[in-house]
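Data file: start-v6.txt. Format and content: compact mmCIF, C-alpha atoms (C1' of nucleotides).
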# COMPACT_ATOMS: atom_id res chain seq x y z
CA MET A 1 1.37 19.97 -31.74
CA LYS A 2 4.37 17.86 -30.92
CA GLU A 3 4.26 14.93 -28.49
CA VAL A 4 6.16 16.09 -25.43
CA GLU A 5 7.62 13.44 -23.16
CA THR A 6 6.40 14.53 -19.78
CA THR A 7 7.39 11.58 -17.66
CA HIS A 8 11.14 11.82 -17.90
CA GLU A 9 12.61 10.61 -14.70
CA LEU A 10 15.61 12.77 -14.07
CA ASP A 11 14.55 16.24 -15.17
CA ALA A 12 11.50 16.60 -13.02
CA PRO A 13 8.75 19.21 -13.27
CA PRO A 14 8.97 22.42 -11.26
CA TRP A 15 6.56 21.39 -8.52
CA LEU A 16 7.14 18.55 -6.11
CA ARG A 17 10.67 18.29 -7.50
CA VAL A 18 13.23 17.25 -4.89
CA GLU A 19 10.55 15.30 -3.12
CA THR A 20 9.78 13.34 -6.24
CA THR A 21 13.43 12.44 -6.66
CA LEU A 22 13.74 11.16 -3.13
CA MET A 23 10.51 9.23 -3.19
CA ASN A 24 11.24 7.72 -6.56
CA THR A 25 14.63 6.61 -5.31
CA ALA A 26 13.01 5.02 -2.30
CA ARG A 27 10.54 3.28 -4.58
CA ALA A 28 13.35 2.04 -6.81
CA MET A 29 15.13 0.75 -3.75
CA ARG A 30 12.11 -1.16 -2.56
CA GLU A 31 11.61 -2.63 -6.01
CA ALA A 32 15.26 -3.66 -6.29
CA TYR A 33 15.15 -5.36 -2.90
CA ASP A 34 11.82 -6.99 -3.66
CA SER A 35 13.08 -8.43 -6.92
CA ARG A 36 16.28 -9.70 -5.32
CA PHE A 37 14.38 -11.36 -2.50
CA ALA A 38 11.71 -12.78 -4.80
CA PRO A 39 13.71 -15.97 -5.52
CA LEU A 40 13.50 -16.68 -1.79
CA GLY A 41 9.77 -16.10 -1.86
CA LEU A 42 10.17 -12.98 0.27
CA ASN A 43 9.58 -9.29 -0.10
CA LEU A 44 11.63 -6.56 1.58
CA THR A 45 9.39 -6.40 4.62
CA GLN A 46 9.58 -10.12 5.28
CA ALA A 47 13.30 -10.23 4.65
CA SER A 48 13.86 -7.33 7.03
CA LEU A 49 11.89 -9.11 9.71
CA ILE A 50 13.95 -12.25 9.24
CA ALA A 51 17.19 -10.29 9.43
CA TYR A 52 15.94 -8.59 12.57
CA LEU A 53 15.06 -11.89 14.21
CA GLN A 54 18.44 -13.28 13.25
CA GLN A 55 20.12 -10.40 15.00
CA PHE A 56 17.97 -10.03 18.08
CA GLY A 57 16.78 -13.52 18.78
CA PRO A 58 13.30 -14.30 20.11
CA ILE A 59 11.37 -11.12 20.42
CA THR A 60 7.87 -9.82 20.94
CA GLN A 61 5.51 -9.04 18.07
CA THR A 62 5.18 -5.48 19.26
CA LYS A 63 8.96 -5.06 19.11
CA CYS A 64 8.92 -6.35 15.56
CA ALA A 65 6.16 -3.94 14.62
CA ASP A 66 7.96 -0.99 16.16
CA HIS A 67 11.20 -1.86 14.45
CA LEU A 68 9.65 -2.19 11.00
CA ARG A 69 7.32 0.75 11.70
CA LEU A 70 4.24 -1.32 11.04
CA GLY A 71 1.03 -1.75 12.98
CA ARG A 72 0.63 -4.66 15.35
CA ALA A 73 -2.27 -6.07 13.35
CA ASN A 74 -0.18 -6.12 10.23
CA ILE A 75 2.87 -7.69 11.83
CA GLY A 76 0.68 -10.44 13.20
CA ALA A 77 -0.50 -11.31 9.70
CA ILE A 78 3.07 -11.22 8.37
CA ILE A 79 4.22 -13.57 11.10
CA ASP A 80 1.25 -15.82 10.40
CA ARG A 81 2.42 -16.26 6.83
CA LEU A 82 6.05 -16.84 7.75
CA GLN A 83 4.94 -19.31 10.37
CA GLU A 84 2.87 -21.25 7.84
CA ARG A 85 6.01 -21.56 5.78
CA GLN A 86 7.93 -22.85 8.81
CA LEU A 87 10.33 -19.91 8.75
CA VAL A 88 9.50 -18.57 12.19
CA GLU A 89 8.08 -20.01 15.38
CA ARG A 90 5.93 -18.53 18.11
CA HIS A 91 6.88 -19.54 21.62
CA PRO A 92 4.82 -18.53 24.63
CA ASP A 93 6.56 -16.07 26.90
CA ALA A 94 7.73 -17.51 30.19
CA VAL A 95 6.23 -14.82 32.36
CA ASP A 96 3.71 -12.86 30.31
CA ARG A 97 0.95 -15.02 28.95
CA ARG A 98 -0.27 -12.36 26.52
CA VAL A 99 2.84 -12.29 24.38
CA TRP A 100 4.51 -14.53 21.86
CA GLN A 101 8.24 -14.75 21.56
CA VAL A 102 8.87 -14.86 17.84
CA ALA A 103 12.02 -16.66 16.70
CA LEU A 104 13.54 -18.05 13.56
CA SER A 105 13.12 -21.74 12.90
CA PRO A 106 16.20 -23.68 11.75
CA LEU A 107 14.92 -23.25 8.21
CA GLY A 108 14.50 -19.57 8.90
CA HIS A 109 18.11 -19.32 10.04
CA GLN A 110 19.27 -20.78 6.77
CA LEU A 111 17.19 -18.26 4.89
CA ALA A 112 18.49 -15.42 7.04
CA ALA A 113 22.01 -16.12 5.85
CA GLU A 114 20.86 -15.81 2.26
CA VAL A 115 18.99 -12.62 3.06
CA LEU A 116 22.10 -11.03 4.51
CA ALA A 117 24.20 -12.13 1.56
CA ILE A 118 21.73 -10.65 -0.91
CA ASP A 119 21.61 -7.44 1.08
CA GLU A 120 25.40 -7.21 1.02
CA VAL A 121 25.54 -7.68 -2.75
CA LEU A 122 22.82 -5.18 -3.48
CA ARG A 123 24.34 -2.63 -1.14
CA SER A 124 27.65 -2.86 -2.93
CA GLU A 125 25.92 -2.43 -6.28
CA MET A 126 24.17 0.64 -4.94
CA ARG A 127 27.45 2.17 -3.81
CA ASP A 128 28.84 2.02 -7.31
CA GLY A 129 30.25 5.40 -8.33
CA ILE A 130 29.38 6.94 -4.98
CA THR A 131 32.18 7.77 -2.58
CA ARG A 132 32.14 7.15 1.11
CA ALA A 133 32.19 10.89 1.74
CA GLU A 134 29.18 11.34 -0.49
CA ARG A 135 27.30 8.64 1.33
CA GLN A 136 28.08 10.22 4.65
CA ALA A 137 26.97 13.60 3.36
CA LEU A 138 23.79 12.02 2.05
CA ALA A 139 23.05 10.47 5.42
CA SER A 140 23.73 13.75 7.18
CA VAL A 141 21.40 15.74 4.97
CA MET A 142 18.71 13.12 5.14
CA THR A 143 18.87 13.05 8.89
CA ARG A 144 18.26 16.78 9.02
CA LEU A 145 15.57 16.50 6.38
CA GLN A 146 13.85 13.82 8.39
CA ALA A 147 13.99 15.96 11.51
CA ASN A 148 12.43 18.84 9.58
CA LEU A 149 9.72 16.53 8.33
CA LEU A 150 8.90 15.26 11.79
CA ARG A 151 8.53 18.84 12.94
CA ALA A 152 6.40 19.58 9.89
CA SER A 153 4.07 16.69 10.61
CA ALA A 154 3.82 17.71 14.24
CA ASN A 155 2.93 21.28 13.26
CA THR A 156 -0.09 20.16 11.29
CA VAL A 157 -3.42 21.37 12.57
CA GLY A 158 -4.84 17.85 12.71
CA MET B 159 19.01 -8.23 31.43
CA LYS B 160 18.49 -4.59 30.66
CA GLU B 161 15.82 -3.29 28.30
CA VAL B 162 17.63 -2.06 25.21
CA GLU B 163 15.93 0.49 23.01
CA THR B 164 16.15 -1.12 19.63
CA THR B 165 13.98 1.13 17.55
CA HIS B 166 16.00 4.33 17.76
CA GLU B 167 15.64 6.17 14.53
CA LEU B 168 18.97 7.74 13.86
CA ASP B 169 21.53 5.21 14.97
CA ALA B 170 20.45 2.35 12.80
CA PRO B 171 21.46 -1.29 13.03
CA PRO B 172 24.33 -2.62 10.92
CA TRP B 173 22.16 -4.27 8.29
CA LEU B 174 19.88 -2.40 5.93
CA ARG B 175 21.36 0.82 7.20
CA VAL B 176 21.57 3.54 4.58
CA GLU B 177 18.54 2.07 2.90
CA THR B 178 16.51 2.36 6.03
CA THR B 179 17.42 6.00 6.40
CA LEU B 180 16.38 6.84 2.88
CA MET B 181 13.16 4.91 3.00
CA ASN B 182 12.22 6.29 6.38
CA THR B 183 12.83 9.78 5.09
CA ALA B 184 10.61 9.08 2.11
CA ARG B 185 7.95 7.76 4.45
CA ALA B 186 8.23 10.82 6.66
CA MET B 187 7.86 12.99 3.59
CA ARG B 188 4.74 11.20 2.45
CA GLU B 189 3.28 11.50 5.92
CA ALA B 190 4.08 15.18 6.15
CA TYR B 191 2.47 15.86 2.79
CA ASP B 192 -0.52 13.72 3.62
CA SER B 193 -1.14 15.51 6.88
CA ARG B 194 -0.79 18.93 5.25
CA PHE B 195 -3.19 18.01 2.49
CA ALA B 196 -5.65 16.33 4.83
CA PRO B 197 -7.53 19.58 5.57
CA LEU B 198 -8.32 19.71 1.85
CA GLY B 199 -9.55 16.13 1.98
CA LEU B 200 -6.65 15.03 -0.23
CA ASN B 201 -3.66 12.77 0.10
CA LEU B 202 -0.32 13.31 -1.64
CA THR B 203 -1.28 11.24 -4.66
CA GLN B 204 -4.49 13.11 -5.27
CA ALA B 205 -2.84 16.47 -4.67
CA SER B 206 -0.07 15.59 -7.13
CA LEU B 207 -2.61 14.69 -9.75
CA ILE B 208 -4.41 17.96 -9.25
CA ALA B 209 -1.18 19.92 -9.51
CA TYR B 210 -0.32 18.01 -12.66
CA LEU B 211 -3.67 18.76 -14.24
CA GLN B 212 -3.32 22.39 -13.28
CA GLN B 213 -0.03 22.54 -15.11
CA PHE B 214 -0.78 20.47 -18.19
CA GLY B 215 -4.45 21.06 -18.80
CA PRO B 216 -6.79 18.34 -20.09
CA ILE B 217 -4.88 15.16 -20.42
CA THR B 218 -5.36 11.46 -20.93
CA GLN B 219 -5.72 9.01 -18.06
CA THR B 220 -2.74 7.04 -19.29
CA LYS B 221 -0.61 10.19 -19.20
CA CYS B 222 -1.70 10.76 -15.62
CA ALA B 223 -0.83 7.20 -14.70
CA ASP B 224 2.59 7.42 -16.31
CA HIS B 225 3.37 10.68 -14.60
CA LEU B 226 2.40 9.47 -11.14
CA ARG B 227 3.92 6.06 -11.85
CA LEU B 228 0.67 4.29 -11.15
CA GLY B 229 -1.24 1.68 -13.09
CA ARG B 230 -4.07 2.63 -15.40
CA ALA B 231 -6.60 0.74 -13.30
CA ASN B 232 -5.60 2.63 -10.20
CA ILE B 233 -5.62 6.05 -11.81
CA GLY B 234 -9.10 5.39 -13.10
CA ALA B 235 -10.35 4.77 -9.58
CA ILE B 236 -8.58 7.88 -8.30
CA ILE B 237 -10.18 9.98 -10.99
CA ASP B 238 -13.55 8.42 -10.22
CA ARG B 239 -13.34 9.65 -6.66
CA LEU B 240 -12.15 13.14 -7.60
CA GLN B 241 -14.91 13.31 -10.17
CA GLU B 242 -17.52 12.39 -7.59
CA ARG B 243 -16.28 15.32 -5.55
CA GLN B 244 -16.59 17.61 -8.57
CA LEU B 245 -12.89 18.36 -8.59
CA VAL B 246 -12.15 17.00 -12.04
CA GLU B 247 -14.17 16.41 -15.20
CA ARG B 248 -13.93 13.80 -17.93
CA HIS B 249 -14.45 15.10 -21.44
CA PRO B 250 -14.59 12.79 -24.43
CA ASP B 251 -11.65 13.18 -26.76
CA ALA B 252 -12.45 14.86 -30.05
CA VAL B 253 -10.83 12.26 -32.26
CA ASP B 254 -10.20 9.10 -30.20
CA ARG B 255 -13.36 7.63 -28.80
CA ARG B 256 -11.51 5.36 -26.36
CA VAL B 257 -9.98 8.10 -24.27
CA TRP B 258 -11.13 10.62 -21.73
CA GLN B 259 -9.59 14.04 -21.46
CA VAL B 260 -9.29 14.68 -17.75
CA ALA B 261 -9.39 18.30 -16.62
CA LEU B 262 -9.83 20.30 -13.46
CA SER B 263 -13.26 21.67 -12.75
CA PRO B 264 -13.53 25.30 -11.58
CA LEU B 265 -13.67 23.97 -8.05
CA GLY B 266 -10.61 21.88 -8.80
CA HIS B 267 -8.74 24.95 -9.98
CA GLN B 268 -9.42 26.67 -6.70
CA LEU B 269 -8.12 23.66 -4.84
CA ALA B 270 -5.04 23.47 -7.05
CA ALA B 271 -3.99 26.91 -5.90
CA GLU B 272 -4.17 25.76 -2.30
CA VAL B 273 -2.24 22.62 -3.13
CA LEU B 274 0.59 24.61 -4.64
CA ALA B 275 0.65 27.00 -1.69
CA ILE B 276 0.85 24.13 0.79
CA ASP B 277 3.61 22.53 -1.23
CA GLU B 278 5.58 25.75 -1.23
CA VAL B 279 5.31 26.13 2.53
CA LEU B 280 6.26 22.56 3.28
CA ARG B 281 9.18 22.68 0.88
CA SER B 282 10.55 25.71 2.63
CA GLU B 283 10.19 24.00 6.00
CA MET B 284 12.06 21.01 4.65
CA ARG B 285 14.93 23.17 3.46
CA ASP B 286 15.52 24.49 6.95
CA GLY B 287 19.18 24.14 7.90
CA ILE B 288 20.08 22.61 4.55
CA THR B 289 22.10 24.65 2.10
CA ARG B 290 21.48 24.89 -1.59
CA ALA B 291 24.80 23.15 -2.25
CA GLU B 292 23.80 20.30 0.01
CA ARG B 293 20.50 19.91 -1.75
CA GLN B 294 22.21 19.81 -5.10
CA ALA B 295 24.69 17.24 -3.83
CA LEU B 296 21.81 15.22 -2.45
CA ALA B 297 20.06 15.27 -5.80
CA SER B 298 23.24 14.30 -7.59
CA VAL B 299 23.93 11.34 -5.37
CA MET B 300 20.34 10.19 -5.47
CA THR B 301 20.30 10.35 -9.22
CA ARG B 302 23.29 8.03 -9.39
CA LEU B 303 21.82 5.83 -6.69
CA GLN B 304 18.62 5.57 -8.65
CA ALA B 305 20.53 4.63 -11.78
CA ASN B 306 22.35 1.92 -9.86
CA LEU B 307 19.06 0.64 -8.55
CA LEU B 308 17.49 0.46 -11.96
CA ARG B 309 20.47 -1.56 -13.15
CA ALA B 310 20.16 -3.76 -10.07
CA SER B 311 16.48 -4.45 -10.72
CA ALA B 312 17.24 -5.23 -14.34
CA ASN B 313 19.98 -7.66 -13.34
CA THR B 314 17.59 -9.80 -11.33
CA VAL B 315 17.11 -13.33 -12.55
CA GLY B 316 13.33 -13.03 -12.48
C1' DG C 317 -11.61 -2.01 -47.26
C1' DC C 318 -9.78 -5.93 -44.19
C1' DC C 319 -7.42 -8.00 -40.72
C1' DA C 320 -3.68 -8.40 -37.20
C1' DT C 321 -1.83 -5.75 -33.63
C1' DA C 322 -1.61 -2.05 -30.30
C1' DT C 323 -3.71 1.12 -27.09
C1' DT C 324 -7.26 3.05 -23.74
C1' DG C 325 -9.99 2.54 -20.05
C1' DT C 326 -12.57 -0.70 -16.96
C1' DA C 327 -13.53 -4.91 -14.19
C1' DT C 328 -11.90 -8.11 -10.93
C1' DG C 329 -9.19 -10.29 -7.50
C1' DT C 330 -5.02 -10.05 -4.49
C1' DT C 331 -1.68 -7.93 -1.41
C1' DG C 332 0.08 -5.02 2.18
C1' DC C 333 -0.92 -1.67 5.18
C1' DT C 334 -4.11 1.25 8.29
C1' DG C 335 -7.42 2.16 12.11
C1' DT C 336 -10.71 0.73 15.39
C1' DA C 337 -12.62 -2.44 18.48
C1' DT C 338 -12.09 -6.37 21.49
C1' DA C 339 -10.50 -10.24 24.61
C1' DA C 340 -6.95 -11.70 27.56
C1' DT C 341 -3.68 -10.52 30.65
C1' DA C 342 -0.35 -7.33 33.50
C1' DT C 343 0.50 -3.56 36.37
C1' DG C 344 -0.09 -0.23 39.85
C1' DC C 345 -2.83 2.24 43.27
C1' DC C 346 -5.54 1.85 47.23
C1' DG D 347 -6.66 -8.74 47.62
C1' DG D 348 -9.52 -5.75 44.39
C1' DC D 349 -10.15 -2.56 40.85
C1' DA D 350 -8.91 1.02 37.26
C1' DT D 351 -5.67 1.42 33.64
C1' DA D 352 -2.35 -0.10 30.30
C1' DT D 353 -0.54 -3.44 27.12
C1' DT D 354 -0.45 -7.55 23.84
C1' DA D 355 -2.25 -9.80 20.23
C1' DT D 356 -6.25 -10.64 17.16
C1' DA D 357 -10.54 -9.66 14.34
C1' DC D 358 -12.48 -6.97 11.02
C1' DA D 359 -13.39 -3.43 7.75
C1' DG D 360 -11.33 -0.15 4.59
C1' DC D 361 -7.98 1.85 1.29
C1' DA D 362 -4.51 2.21 -2.17
C1' DA D 363 -1.71 -0.03 -4.91
C1' DC D 364 -0.79 -4.10 -8.14
C1' DA D 365 -1.48 -7.64 -12.05
C1' DT D 366 -4.34 -9.78 -15.20
C1' DA D 367 -7.93 -10.06 -18.35
C1' DC D 368 -11.18 -7.83 -21.20
C1' DA D 369 -14.17 -4.78 -24.39
C1' DA D 370 -13.96 -0.94 -27.33
C1' DT D 371 -11.52 1.45 -30.51
C1' DA D 372 -7.24 2.96 -33.45
C1' DT D 373 -3.55 2.02 -36.44
C1' DG D 374 -0.93 0.10 -40.06
C1' DG D 375 0.28 -3.47 -43.56
C1' DC D 376 -1.63 -5.42 -47.43
Can you dump the structure from the file as structure tokens?
Amino acid sequence: MKEVETTHELDAPPWLRVETTLMNTARAMREAYDSRFAPLGLNLTQASLIAYLQQFGPITQTKCADHLRLGRANIGAIIDRLQERQLVERHPDAVDRRVWQVALSPLGHQLAAEVLAIDEVLRSEMRDGITRAERQALASVMTRLQANLLRASANTVG
Amino acid sequence: MKEVETTHELDAPPWLRVETTLMNTARAMREAYDSRFAPLGLNLTQASLIAYLQQFGPITQTKCADHLRLGRANIGAIIDRLQERQLVERHPDAVDRRVWQVALSPLGHQLAAEVLAIDEVLRSEMRDGITRAERQALASVMTRLQANLLRASANTVG
DNA sequence: GCCATATTGTATGTTGCTGTATAATATGCC
DNA sequence: GGCATATTATACAGCAACATACAATATGGC
């Protein structure tokens, strides 16, 4: 009985095939981003939030949660941690006393520049050997795939 | 100052663009699978394990972990829960007293058939409006993307 | 056979996310 | 204005993954 290598990455088993490829790629992407952001003491989620704040200025926690597709409870904890590290600040809203306006601190702005630079580098590495046309085709197919998946989730009995 | 909708799915912001699309698609896929498997009381991870056991018979926990790309500690807990529900069984290995041979129970075999049927249905829904050529192109690009990402992770200072 | 090293599964603690419940506050109808 | 409803953020419990450390057992050099 020979030892068969069953966990080869790129010639996947007959079931859950395409799906596995896509999800493994997504996982690899998250890991690559996480390891690139690690020297800044950030993971992808935190870095994305910082980039978002950089772009859209002071903004509500709920907006942050929606953008990152996280729950409000979770985003609150994330902001707590960034706030402890002096990367973001919470300012009370001028008119709505329930909400915080979350903004980058000066230190956070510095870090945001590094985040964007790292993103740029990694994106260019990812593009290696992949043409613009291929990337556009990829995006097009994935958009349709995503639409199909949303319908599929909606059609579930639950 | 007009309210701008910033969380639109399909016209993404300039930073973290392609990445976001891919990772959101992966997330949508996991959610779709999870909601389809929910009536069986399973999530995608558990269903994948069951399908794997169905295909490859009694097998070691470490093999399961490698296949699903999970840690050994985690897979042990997963198997614990499936075992409590009488879906899988742990048999001692004939020659190596450290290892368990994990196998589907009769009940687990019944469930495996349902898992594969659900997978088949969802896969066909996902293919809707996407040609075979497009799917192959998608796989090809993602394979290269994944290779780039592995190189990128390896090239991290950490 | 004996000992160093590797491997398997488990225990334990941490992280990141979820869902539900709750308090404070806004909003809209009357 | 007063009250039902919605919305914002937080508190808390739970889950699934991770990393690390460990005990039991195998394996291989000698």
> What residues in chain C have any atom no more than 10 Å from chain A when counting all atoms listed in the file, and can you write them as JSON, numbers by chain?
Replying inline: {"C": [332, 333, 334, 335, 340, 341, 342]}
Transformed chain A, reference chain B, in-order C-alpha pairing, as a compact mmCIF listing (two decimals) with C-alpha atoms, in the coordinates of the input:
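Okay, selection-v2.txt is ready:
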# COMPACT_ATOMS: atom_id res chain seq x y z
CA MET A 1 18.82 -8.05 31.52
CA LYS A 2 18.36 -4.41 30.69
CA GLU A 3 15.68 -3.15 28.30
CA VAL A 4 17.55 -2.04 25.20
CA GLU A 5 15.86 0.48 22.94
CA THR A 6 16.19 -1.13 19.56
CA THR A 7 14.01 1.12 17.47
CA HIS A 8 15.99 4.32 17.65
CA GLU A 9 15.56 6.16 14.45
CA LEU A 10 18.87 7.79 13.75
CA ASP A 11 21.45 5.23 14.82
CA ALA A 12 20.29 2.35 12.71
CA PRO A 13 21.31 -1.30 12.96
CA PRO A 14 24.21 -2.63 10.91
CA TRP A 15 22.12 -4.29 8.22
CA LEU A 16 19.84 -2.46 5.84
CA ARG A 17 21.30 0.79 7.18
CA VAL A 18 21.54 3.52 4.55
CA GLU A 19 18.53 2.06 2.84
CA THR A 20 16.49 2.33 5.99
CA THR A 21 17.42 5.97 6.37
CA LEU A 22 16.38 6.83 2.85
CA MET A 23 13.16 4.89 2.98
CA ASN A 24 12.23 6.26 6.36
CA THR A 25 12.82 9.77 5.08
CA ALA A 26 10.60 9.07 2.11
CA ARG A 27 7.95 7.72 4.45
CA ALA A 28 8.21 10.80 6.65
CA MET A 29 7.86 12.96 3.58
CA ARG A 30 4.73 11.19 2.46
CA GLU A 31 3.26 11.46 5.93
CA ALA A 32 4.08 15.17 6.18
CA TYR A 33 2.47 15.85 2.81
CA ASP A 34 -0.53 13.68 3.63
CA SER A 35 -1.15 15.50 6.89
CA ARG A 36 -0.79 18.91 5.27
CA PHE A 37 -3.20 17.99 2.49
CA ALA A 38 -5.66 16.32 4.85
CA PRO A 39 -7.52 19.59 5.58
CA LEU A 40 -8.31 19.72 1.86
CA GLY A 41 -9.56 16.15 1.98
CA LEU A 42 -6.65 15.02 -0.20
CA ASN A 43 -3.67 12.77 0.13
CA LEU A 44 -0.33 13.28 -1.61
CA THR A 45 -1.29 11.21 -4.62
CA GLN A 46 -4.50 13.12 -5.23
CA ALA A 47 -2.83 16.46 -4.65
CA SER A 48 -0.05 15.58 -7.08
CA LEU A 49 -2.59 14.66 -9.71
CA ILE A 50 -4.39 17.96 -9.23
CA ALA A 51 -1.14 19.89 -9.49
CA TYR A 52 -0.28 17.97 -12.63
CA LEU A 53 -3.63 18.74 -14.22
CA GLN A 54 -3.25 22.38 -13.29
CA GLN A 55 0.05 22.49 -15.10
CA PHE A 56 -0.69 20.40 -18.15
CA GLY A 57 -4.34 20.99 -18.79
CA PRO A 58 -6.69 18.28 -20.06
CA ILE A 59 -4.80 15.08 -20.38
CA THR A 60 -5.31 11.37 -20.87
CA GLN A 61 -5.68 8.94 -17.98
CA THR A 62 -2.72 6.97 -19.21
CA LYS A 63 -0.57 10.11 -19.12
CA CYS A 64 -1.66 10.70 -15.55
CA ALA A 65 -0.82 7.14 -14.60
CA ASP A 66 2.61 7.33 -16.20
CA HIS A 67 3.39 10.61 -14.53
CA LEU A 68 2.43 9.42 -11.05
CA ARG A 69 3.92 5.97 -11.76
CA LEU A 70 0.65 4.23 -11.03
CA GLY A 71 -1.27 1.59 -12.92
CA ARG A 72 -4.07 2.59 -15.25
CA ALA A 73 -6.64 0.71 -13.19
CA ASN A 74 -5.65 2.60 -10.10
CA ILE A 75 -5.63 6.02 -11.72
CA GLY A 76 -9.11 5.37 -13.03
CA ALA A 77 -10.37 4.76 -9.50
CA ILE A 78 -8.58 7.88 -8.22
CA ILE A 79 -10.16 9.98 -10.94
CA ASP A 80 -13.53 8.43 -10.17
CA ARG A 81 -13.31 9.69 -6.61
CA LEU A 82 -12.13 13.16 -7.57
CA GLN A 83 -14.88 13.33 -10.15
CA GLU A 84 -17.52 12.43 -7.56
CA ARG A 85 -16.28 15.36 -5.54
CA GLN A 86 -16.56 17.64 -8.58
CA LEU A 87 -12.84 18.37 -8.59
CA VAL A 88 -12.11 16.99 -12.04
CA GLU A 89 -14.10 16.39 -15.19
CA ARG A 90 -13.86 13.78 -17.91
CA HIS A 91 -14.36 15.07 -21.42
CA PRO A 92 -14.49 12.76 -24.41
CA ASP A 93 -11.54 13.12 -26.74
CA ALA A 94 -12.32 14.81 -30.02
CA VAL A 95 -10.69 12.21 -32.21
CA ASP A 96 -10.11 9.08 -30.15
CA ARG A 97 -13.29 7.67 -28.72
CA ARG A 98 -11.48 5.35 -26.31
CA VAL A 99 -9.92 8.08 -24.21
CA TRP A 100 -11.06 10.62 -21.69
CA GLN A 101 -9.49 14.02 -21.44
CA VAL A 102 -9.23 14.65 -17.72
CA ALA A 103 -9.31 18.28 -16.61
CA LEU A 104 -9.77 20.30 -13.47
CA SER A 105 -13.21 21.67 -12.76
CA PRO A 106 -13.45 25.31 -11.63
CA LEU A 107 -13.62 24.00 -8.08
CA GLY A 108 -10.58 21.89 -8.81
CA HIS A 109 -8.68 24.95 -10.00
CA GLN A 110 -9.36 26.68 -6.73
CA LEU A 111 -8.09 23.67 -4.85
CA ALA A 112 -5.01 23.47 -7.05
CA ALA A 113 -3.95 26.91 -5.90
CA GLU A 114 -4.15 25.77 -2.30
CA VAL A 115 -2.23 22.62 -3.11
CA LEU A 116 0.61 24.60 -4.63
CA ALA A 117 0.68 26.99 -1.69
CA ILE A 118 0.86 24.13 0.79
CA ASP A 119 3.60 22.50 -1.23
CA GLU A 120 5.59 25.74 -1.23
CA VAL A 121 5.31 26.11 2.54
CA LEU A 122 6.25 22.53 3.28
CA ARG A 123 9.17 22.66 0.89
CA SER A 124 10.56 25.70 2.63
CA GLU A 125 10.18 23.99 6.00
CA MET A 126 12.04 20.99 4.65
CA ARG A 127 14.91 23.16 3.46
CA ASP A 128 15.50 24.48 6.94
CA GLY A 129 19.16 24.14 7.90
CA ILE A 130 20.05 22.62 4.54
CA THR A 131 22.06 24.69 2.09
CA ARG A 132 21.43 24.92 -1.59
CA ALA A 133 24.74 23.20 -2.27
CA GLU A 134 23.76 20.35 0.00
CA ARG A 135 20.46 19.95 -1.76
CA GLN A 136 22.17 19.87 -5.11
CA ALA A 137 24.65 17.31 -3.85
CA LEU A 138 21.78 15.25 -2.47
CA ALA A 139 20.00 15.31 -5.81
CA SER A 140 23.19 14.35 -7.62
CA VAL A 141 23.88 11.38 -5.41
CA MET A 142 20.30 10.24 -5.51
CA THR A 143 20.25 10.39 -9.26
CA ARG A 144 23.25 8.09 -9.42
CA LEU A 145 21.79 5.87 -6.74
CA GLN A 146 18.58 5.60 -8.70
CA ALA A 147 20.48 4.69 -11.85
CA ASN A 148 22.32 1.97 -9.93
CA LEU A 149 19.02 0.68 -8.61
CA LEU A 150 17.46 0.53 -12.05
CA ARG A 151 20.42 -1.49 -13.23
CA ALA A 152 20.12 -3.70 -10.16
CA SER A 153 16.47 -4.40 -10.82
CA ALA A 154 17.19 -5.12 -14.46
CA ASN A 155 19.93 -7.58 -13.51
CA THR A 156 17.56 -9.70 -11.48
CA VAL A 157 17.03 -13.22 -12.73
CA GLY A 158 13.26 -12.82 -12.81
Sort by chain and increasing residue number a table of all residues of chain D within 8 Å of chain B, each with its closest pair of atoms and their distance in Å to one decimal, counting only C-alpha atoms (C1' of nucleotides), and write it as a tab-separated table.
residue	atom	partner	partner_atom	distance
D:DA363	C1'	B:Asn232	CA	7.1
D:DC364	C1'	B:Gly229	CA	7.6
D:DA370	C1'	B:Arg256	CA	6.8
D:DT371	C1'	B:Arg256	CA	5.7
D:DA372	C1'	B:Asp254	CA	7.6
>> Could you check the closest approach to Gln136 (chain A) for each of B:Thr179, B:Glu278, B:Arg194, B:Ile208 and tell me which residue wins, using only C-alpha atoms?
In response: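 Using only C-alpha atoms, Gln136 (chain A) sits closest to B:Thr179.
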>> At a cut-off of 8 Å, which residues of chain B touch chain A? Count all atoms listed in the file and give the answer as a ChimeraX atom specification.
In response: /B:164-165,168,173-174,176-177,179-184,186-187,189-190,193-194,197,206,209,224-225,274,277,280,283-288,292-293,295-297,299-304,306-308,310-311,314,316
> How many Å lie between CA of Leu82 (chain A) and CA of Leu111 (chain A), rounded to one decimal?
Replying inline: 11.6 Å
>> One number please: CA of Arg72 (chain A) to C1' of DT354 (chain D), in Å, one decimal.
In response: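 C1' of DT354 (chain D) lies at a distance of 9.0 Å from CA of Arg72 (chain A).
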> What separation in Å, quoted to one decimal, exists between CA of Val253 (chain B) and C1' of DG317 (chain C)?
Replying inline: 20.7 Å
Put a box with edges along x, y and z around all the listed atoms of region 352-360 of chain D, pad it by 3 Å on each side, then give me its centre and sizes in Å, one decimal, as lines of an AutoDock Vina configuration file.
center_x = -6.9
center_y = -5.4
center_z = 17.4
size_x = 18.9
size_y = 16.5
size_z = 31.7
Which neighbours of region 336-338 of chain C fall inside 12 Å, counting only C-alpha atoms (C1' of nucleotides), when residues of the same chain fewer than 5 positions from it are skipped, and could you give them as a tab-separated table (two decimals) with C-alpha atoms (C1' of nucleotides), keeping the file's coordinate frame?
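Result written to result11.tsv:
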chain	number	residue	atom	x	y	z
A	73	ALA	CA	-2.27	-6.07	13.35
D	354	DT	C1'	-0.45	-7.55	23.84
D	355	DA	C1'	-2.25	-9.80	20.23
D	356	DT	C1'	-6.25	-10.64	17.16
D	357	DA	C1'	-10.54	-9.66	14.34
D	358	DC	C1'	-12.48	-6.97	11.02
D	359	DA	C1'	-13.39	-3.43	7.75
D	360	DG	C1'	-11.33	-0.15	4.59
